[in-house]
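Below is final19.cif, which holds mmCIF, C-alpha atoms.
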data_target
loop_
_atom_site.label_atom_id
_atom_site.label_comp_id
_atom_site.auth_asym_id
_atom_site.auth_seq_id
_atom_site.Cartn_x
_atom_site.Cartn_y
_atom_site.Cartn_z
CA MET A 1 -44.30 -171.88 238.39
CA SER A 2 -41.75 -169.06 238.39
CA LYS A 3 -39.69 -168.33 241.48
CA THR A 4 -39.96 -164.90 243.05
CA ARG A 5 -36.83 -162.78 242.66
CA ARG A 6 -35.67 -161.59 246.07
CA ILE A 7 -33.71 -158.33 246.00
CA VAL A 8 -31.50 -156.87 248.72
CA ILE A 9 -30.54 -153.22 248.42
CA ILE A 10 -27.04 -152.29 249.60
CA GLY A 11 -27.47 -148.80 251.00
CA GLY A 12 -30.25 -146.96 252.78
CA HIS A 13 -32.00 -143.62 252.79
CA GLY A 14 -32.02 -141.55 249.61
CA ASN A 15 -31.04 -143.79 246.73
CA GLY A 16 -32.32 -146.80 248.65
CA MET A 17 -35.78 -145.28 248.64
CA VAL A 18 -35.60 -144.83 244.87
CA LEU A 19 -34.67 -148.47 244.30
CA ALA A 20 -37.29 -149.68 246.76
CA GLN A 21 -39.95 -147.78 244.84
CA ILE A 22 -38.82 -149.31 241.55
CA ILE A 23 -39.10 -152.82 243.00
CA CYS A 24 -42.55 -152.02 244.40
CA ASP A 25 -43.69 -150.65 241.03
CA MET A 26 -42.31 -153.67 239.19
CA ARG A 27 -44.21 -155.96 241.55
CA ARG A 28 -47.39 -153.89 241.17
CA SER A 29 -47.11 -154.20 237.39
CA GLY A 30 -47.00 -157.99 237.62
CA ALA A 31 -43.30 -158.84 237.95
CA ASP A 32 -42.55 -161.74 240.30
CA ILE A 33 -40.17 -159.77 242.48
CA GLU A 34 -39.92 -158.56 246.07
CA LEU A 35 -37.67 -156.42 248.23
CA PHE A 36 -36.14 -158.80 250.77
CA GLY A 37 -34.35 -156.15 252.85
CA PHE A 38 -31.29 -153.92 253.10
CA LEU A 39 -27.62 -154.22 253.89
CA ASN A 40 -26.53 -151.04 255.64
CA ASP A 41 -23.26 -150.14 257.36
CA HIS A 42 -24.81 -147.54 259.70
CA LEU A 43 -27.85 -149.36 261.09
CA ASN A 44 -28.12 -152.44 263.25
CA PRO A 45 -29.50 -155.73 261.98
CA GLY A 46 -33.22 -155.94 262.71
CA GLU A 47 -33.85 -152.22 262.41
CA LEU A 48 -36.34 -151.19 259.75
CA LEU A 49 -35.85 -149.00 256.73
CA TRP A 50 -39.44 -148.09 255.94
CA ASP A 51 -41.17 -151.51 255.92
CA TRP A 52 -38.08 -153.66 255.31
CA PRO A 53 -35.45 -155.05 257.67
CA VAL A 54 -31.75 -154.34 257.80
CA LEU A 55 -30.17 -157.76 257.34
CA GLY A 56 -26.58 -156.83 258.16
CA LYS A 57 -23.62 -154.82 256.91
CA SER A 58 -22.65 -154.63 253.23
CA THR A 59 -19.92 -157.20 253.80
CA ASP A 60 -22.53 -159.68 255.10
CA TRP A 61 -23.91 -160.37 251.63
CA GLN A 62 -22.33 -163.85 251.61
CA THR A 63 -24.44 -164.88 254.61
CA LEU A 64 -27.70 -164.50 252.66
CA PRO A 65 -29.39 -167.28 250.65
CA ALA A 66 -27.78 -168.09 247.31
CA ASP A 67 -30.86 -167.02 245.34
CA VAL A 68 -30.85 -163.47 246.72
CA GLU A 69 -29.85 -160.74 244.23
CA PHE A 70 -28.24 -157.44 245.14
CA CYS A 71 -28.37 -153.87 243.90
CA PHE A 72 -26.21 -150.92 244.96
CA ALA A 73 -27.79 -147.73 246.30
CA LEU A 74 -24.54 -146.15 247.48
CA LEU A 75 -23.62 -142.79 245.98
CA THR A 76 -21.78 -139.68 247.14
CA VAL A 77 -21.36 -136.95 244.53
CA GLY A 78 -17.68 -136.14 244.07
CA LYS A 79 -16.56 -139.53 245.34
CA MET A 80 -17.25 -141.75 242.34
CA LEU A 81 -13.74 -143.25 242.34
CA GLU A 82 -13.98 -144.15 246.03
CA ARG A 83 -17.47 -145.54 245.44
CA THR A 84 -16.29 -147.73 242.58
CA LYS A 85 -13.41 -149.11 244.64
CA LEU A 86 -15.78 -149.85 247.52
CA LEU A 87 -18.33 -151.65 245.37
CA LYS A 88 -15.64 -153.70 243.63
CA SER A 89 -14.10 -154.62 247.00
CA LEU A 90 -17.30 -156.43 248.00
CA SER A 91 -16.58 -158.96 245.22
CA ILE A 92 -20.23 -159.82 244.61
CA PRO A 93 -20.44 -162.11 241.55
CA ALA A 94 -22.05 -160.56 238.50
CA ASP A 95 -24.76 -163.21 238.43
CA ARG A 96 -25.89 -162.09 241.90
CA MET A 97 -26.40 -158.48 240.78
CA ALA A 98 -30.00 -157.47 240.03
CA THR A 99 -30.86 -155.47 236.92
CA LEU A 100 -33.96 -153.36 237.63
CA ILE A 101 -36.04 -151.67 234.93
CA HIS A 102 -39.01 -149.54 235.93
CA PRO A 103 -42.27 -150.44 234.13
CA THR A 104 -42.48 -146.97 232.56
CA ALA A 105 -38.98 -147.12 231.04
CA VAL A 106 -38.88 -147.47 227.26
CA LEU A 107 -36.12 -149.57 225.64
CA GLY A 108 -35.49 -149.53 221.91
CA PHE A 109 -34.42 -152.56 219.92
CA ASN A 110 -30.83 -153.84 219.98
CA THR A 111 -30.15 -152.39 223.44
CA SER A 112 -28.34 -154.00 226.36
CA VAL A 113 -28.40 -153.27 230.09
CA GLY A 114 -25.65 -154.67 232.31
CA LYS A 115 -25.78 -156.58 235.56
CA GLY A 116 -26.76 -154.52 238.60
CA SER A 117 -27.85 -151.54 236.51
CA VAL A 118 -31.07 -149.64 237.19
CA LEU A 119 -33.40 -147.73 234.87
CA CYS A 120 -35.70 -145.40 236.81
CA SER A 121 -39.15 -144.18 235.84
CA TYR A 122 -39.75 -142.67 232.39
CA THR A 123 -36.26 -143.22 231.09
CA SER A 124 -36.02 -143.43 227.31
CA VAL A 125 -33.38 -145.69 225.79
CA GLN A 126 -33.11 -145.42 222.01
CA PRO A 127 -32.01 -148.24 219.69
CA GLY A 128 -28.43 -149.45 219.85
CA VAL A 129 -27.68 -148.22 223.38
CA ARG A 130 -25.20 -150.16 225.51
CA ILE A 131 -25.31 -149.72 229.30
CA GLY A 132 -22.60 -151.30 231.46
CA ASP A 133 -22.77 -152.90 234.90
CA ASN A 134 -23.86 -151.25 238.15
CA THR A 135 -24.94 -148.06 236.42
CA LEU A 136 -27.91 -145.92 237.50
CA ILE A 137 -30.05 -144.12 234.93
CA ARG A 138 -32.35 -141.75 236.78
CA ALA A 139 -35.89 -140.63 236.08
CA GLY A 140 -36.60 -138.97 232.76
CA ALA A 141 -33.15 -139.44 231.23
CA ASN A 142 -33.05 -139.72 227.43
CA LEU A 143 -30.28 -141.83 225.92
CA GLY A 144 -29.93 -141.26 222.20
CA HIS A 145 -29.27 -143.96 219.65
CA ASP A 146 -25.99 -145.87 219.84
CA VAL A 147 -24.94 -144.27 223.13
CA GLU A 148 -22.38 -146.25 225.14
CA ILE A 149 -22.31 -146.00 228.94
CA GLY A 150 -19.68 -147.76 231.03
CA ASN A 151 -19.74 -149.37 234.46
CA TYR A 152 -20.46 -147.63 237.79
CA VAL A 153 -21.87 -144.53 236.06
CA ASP A 154 -24.56 -142.25 237.51
CA ILE A 155 -26.82 -140.51 234.97
CA GLY A 156 -28.98 -137.86 236.65
CA PRO A 157 -32.65 -136.98 236.16
CA ASN A 158 -33.63 -135.55 232.78
CA VAL A 159 -30.14 -135.87 231.32
CA THR A 160 -29.98 -135.97 227.52
CA LEU A 161 -27.18 -137.91 225.86
CA CYS A 162 -27.30 -137.38 222.11
CA GLY A 163 -26.51 -140.11 219.62
CA TYR A 164 -23.14 -141.90 219.63
CA CYS A 165 -22.03 -140.38 222.98
CA LYS A 166 -19.63 -142.41 225.07
CA ILE A 167 -19.70 -142.10 228.86
CA ARG A 168 -16.79 -143.95 230.41
CA ASP A 169 -16.62 -145.81 233.73
CA GLY A 170 -17.37 -144.05 236.99
CA SER A 171 -18.58 -140.73 235.59
CA HIS A 172 -21.31 -138.67 237.24
CA ILE A 173 -23.63 -136.76 234.90
CA ALA A 174 -25.82 -134.48 237.02
CA ALA A 175 -29.46 -133.52 236.46
CA ASN A 176 -30.52 -131.75 233.23
CA THR A 177 -27.11 -132.06 231.59
CA VAL A 178 -26.97 -132.28 227.78
CA VAL A 179 -24.08 -133.97 225.98
CA ARG A 180 -23.76 -133.25 222.26
CA ASP A 181 -23.79 -136.12 219.79
CA GLY A 182 -20.61 -138.09 219.30
CA LEU A 183 -18.71 -136.74 222.31
CA GLU A 184 -16.74 -138.83 224.77
CA VAL A 185 -16.80 -138.18 228.52
CA GLY A 186 -13.75 -139.79 230.08
CA GLU A 187 -13.71 -142.04 233.12
CA PHE A 188 -14.56 -140.53 236.50
CA CYS A 189 -15.64 -137.18 235.06
CA THR A 190 -18.20 -134.95 236.77
CA LEU A 191 -20.62 -132.86 234.71
CA GLY A 192 -22.49 -130.41 236.95
CA ALA A 193 -26.23 -129.88 236.89
CA GLY A 194 -27.45 -128.21 233.72
CA ALA A 195 -24.11 -128.44 231.94
CA VAL A 196 -24.18 -128.33 228.15
CA MET A 197 -21.22 -130.30 226.83
CA LEU A 198 -19.99 -129.19 223.41
CA ARG A 199 -16.52 -130.76 223.57
CA GLU A 200 -14.97 -133.93 224.91
CA ALA A 201 -14.08 -134.26 228.59
CA PRO A 202 -10.74 -135.82 229.57
CA PRO A 203 -10.74 -138.42 232.36
CA TYR A 204 -11.14 -137.13 235.94
CA SER A 205 -12.20 -133.63 234.83
CA THR A 206 -15.09 -131.52 236.18
CA TRP A 207 -17.30 -129.30 234.01
CA LEU A 208 -19.93 -126.66 234.79
CA GLY A 209 -22.14 -124.24 232.89
CA ASN A 210 -23.72 -123.57 229.49
CA PRO A 211 -21.65 -123.99 227.45
CA ALA A 212 -19.75 -126.18 229.89
CA ARG A 213 -16.27 -125.12 230.92
CA ARG A 214 -13.68 -127.15 232.71
CA VAL A 215 -13.23 -126.11 236.35
CA MET A 216 -11.01 -128.96 237.57
#

Is it possible to express this structure as C-alpha cells?
Amino acid sequence: MSKTRRIVIIGGHGNGMVLAQIICDMRRSGADIELFGFLNDHLNPGELLWDWPVLGKSTDWQTLPADVEFCFALLTVGKMLERTKLLKSLSIPADRMATLIHPTAVLGFNTSVGKGSVLCSYTSVQPGVRIGDNTLIRAGANLGHDVEIGNYVDIGPNVTLCGYCKIRDGSHIAANTVVRDGLEVGEFCTLGAGAVMLREAPPYSTWLGNPARRVM
C-alpha cells in the first residue's frame, strides 16, 4: 500500500492558496497526497490558514517528521534575488522538496521538472522542456519545445515561451508575456505583464511593453 505524501507549504495567503488548491485537486483526481499544514513567519503556531494549521516559522522545517515534503509559496515581485537568497538560506534538502503538477497540466515527452517546482492548472509543456528546481509555472502558461528554465523562476499566467528559449535563474516573467523563439533571458530579469520580447535580456534587466524595451 502506498504511503500518503504529506506536503507543507512555506508561505501563506496568495500563492499559498494557489498551491493548496493544486494539492486538493491532485487528491481529488486520485493522487495519494494531502496538505499537512503551513510554515508562516507572520502567524502563530496553531492558527489556521483556511482549513490547515500553521505549524511554525519557515525555519522550523527541521522539527517536522522526516517524511514531510515542502513547497515554497513565497514571492514578492521585484525581489526575486532576495527571495532566492532566503529560500537557499533555509537549506532544505532537495529530496524534501515537493514537485506538484496539477491534473490538468499537459507534459510532452522527454521533459523534466525539478525538485520543488510547481505546474499550475492548464499549463502546456511541449517536448524537450527542462524546468529547474523551485520554479513556479502559473496557470495557462505555454512552454514551447526545448525551452530551458532555471531555478527559482516565476512564470506568470498565460505566458508563452517559444521554442528553444532559455530563462535563467531567478527571473520573473509576468502574465501574458511572449518571448520569441531562441532568445535568452538572463538571471534575475523582470519582464513586465504583456511584454513581447524580440531580443535577448541581459542579467538583472527589466523590460516593459510591446515590443519590449529595457527600462532598468

Using only C-alpha atoms, I'd like a table of the residues in segment 157-187 of chain A that come within 10 Å of segment 117-123 of chain A; for each, show the closest atom pair and its distance in Å rounded to one decimal, ordered by chain and ascending number, as a Markdown table.
| residue | atom | partner | partner_atom | distance |
| --- | --- | --- | --- | --- |
| A:Pro157 | CA | A:Thr123 | CA | 8.8 |
| A:Asn158 | CA | A:Thr123 | CA | 8.3 |
| A:Val159 | CA | A:Thr123 | CA | 9.6 |

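The smallest atom-to-atom distance between Tyr204 of chain A and any of A:Ala98, A:Ala141, A:Leu191, A:Cys162, using all atoms listed in the file, is found for A:Leu191.
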
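You will find atom CA of Gly170 of chain A at 23.0 Å from atom CA of Pro127 of chain A.
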
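Minimum atom-to-atom distance to Glu69 of chain A, evaluated using all atoms listed in the file, belongs to A:Pro93 out of A:Pro93, A:Gly182, A:Gly14, A:Pro203.
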
Query raised in the report: Taking into account all atoms listed in the file, which residue in the set A:Gly163, A:Gly78, A:Gly116, A:Gly46 is nearest to Ile10 of chain A?
Result: A:Gly116

**Report entry** Surrounding residues of Leu198 of chain A excluding itself and chain neighbours under 3 positions, 7 Å, only C-alpha atoms, as an NGL selection string
**Finding:** :A and (179-180 or 211)

Report task. Would you write out, as a list of chain:residue names, every residue that the PyMOL selection byres ((chain A and resi 206) around 8) captures in this file? Result -> A:Cys189, A:Thr190, A:Leu191, A:Gly192, A:Tyr204, A:Ser205, A:Trp207, A:Leu208, A:Arg214, A:Val215, A:Met216

Query - Among listed residues A:Cys165, A:Ile155, A:Ile22, A:Val129, nearest Thr177 of chain A (using only C-alpha atoms) - result: A:Ile155

Requested in this report: Given the file shown, determine the residues that the PyMOL selection byres ((chain A and resi 66) around 12) selects; report them as an MDAnalysis selection string.
Outcome: chainID A and resid 5:8 61:65 67:70 92:93 95:97

Report task. Spell out the residues picked by the PyMOL selection byres ((chain A and resi 106-110) around 7) here, as a list of chain:residue names. Result -> A:Thr104, A:Ala105, A:Thr111, A:Ser112, A:Thr123, A:Ser124, A:Val125, A:Gln126, A:Pro127, A:Gly128

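Atom pair atom CA of Gly132 of chain A / atom CA of Lys166 of chain A has a distance of 11.3 Å (rounded to one decimal).
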
Near-Gly11 of chain A list (12 Å; all atoms listed in the file; drop same-chain fewer than 5 positions) as an mmCIF file with C-alpha atoms, keeping the file's coordinate frame:
data_model
loop_
_atom_site.group_PDB
_atom_site.id
_atom_site.type_symbol
_atom_site.label_atom_id
_atom_site.label_comp_id
_atom_site.auth_asym_id
_atom_site.auth_seq_id
_atom_site.Cartn_x
_atom_site.Cartn_y
_atom_site.Cartn_z
ATOM 1 C CA GLY A 16 -32.320 -146.800 248.650
ATOM 2 C CA MET A 17 -35.780 -145.280 248.640
ATOM 3 C CA VAL A 18 -35.600 -144.830 244.870
ATOM 4 C CA LEU A 19 -34.670 -148.470 244.300
ATOM 5 C CA ALA A 20 -37.290 -149.680 246.760
ATOM 6 C CA GLY A 37 -34.350 -156.150 252.850
ATOM 7 C CA PHE A 38 -31.290 -153.920 253.100
ATOM 8 C CA LEU A 39 -27.620 -154.220 253.890
ATOM 9 C CA ASN A 40 -26.530 -151.040 255.640
ATOM 10 C CA ASP A 41 -23.260 -150.140 257.360
ATOM 11 C CA HIS A 42 -24.810 -147.540 259.700
ATOM 12 C CA LEU A 43 -27.850 -149.360 261.090
ATOM 13 C CA LEU A 49 -35.850 -149.000 256.730
ATOM 14 C CA VAL A 54 -31.750 -154.340 257.800
ATOM 15 C CA LEU A 55 -30.170 -157.760 257.340
ATOM 16 C CA GLY A 56 -26.580 -156.830 258.160
ATOM 17 C CA LYS A 57 -23.620 -154.820 256.910
ATOM 18 C CA SER A 58 -22.650 -154.630 253.230
ATOM 19 C CA THR A 59 -19.920 -157.200 253.800
ATOM 20 C CA PHE A 70 -28.240 -157.440 245.140
ATOM 21 C CA CYS A 71 -28.370 -153.870 243.900
ATOM 22 C CA PHE A 72 -26.210 -150.920 244.960
ATOM 23 C CA ALA A 73 -27.790 -147.730 246.300
ATOM 24 C CA LEU A 74 -24.540 -146.150 247.480
ATOM 25 C CA LEU A 75 -23.620 -142.790 245.980
ATOM 26 C CA THR A 76 -21.780 -139.680 247.140
ATOM 27 C CA ARG A 83 -17.470 -145.540 245.440
ATOM 28 C CA LEU A 87 -18.330 -151.650 245.370
#

Query - Shell around Val153 of chain A at 9 Å using all atoms listed in the file, local window under 6 positions removed, as a list in words - result: Met80, Gly132, Asp133, Asn134, Thr135, Leu136, Ile137, Ile167, Arg168, Asp169, Gly170, Ser171, His172, Ile173 and Phe188 of chain A

Requested in this report: Show me as number ranges by chain the residues that reach within 9 Å of (-38.2, -154.4, 239.2), counting only C-alpha atoms and using the file's own coordinates.
Outcome: A: 19-27, 31-34, 98-103, 118

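With atom CA of Tyr164 of chain A on one side and atom CA of Gly114 of chain A on the other, the separation reads 18.2 Å.
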
Centre, edges in Å (one decimal): axis-aligned box, segment 154-166 of chain A, 8 Å padding on all six sides, as AutoDock Vina command-line options:
--center_x -26.6 --center_y -139.0 --center_z 228.6 --size_x 30.0 --size_y 22.9 --size_z 33.9
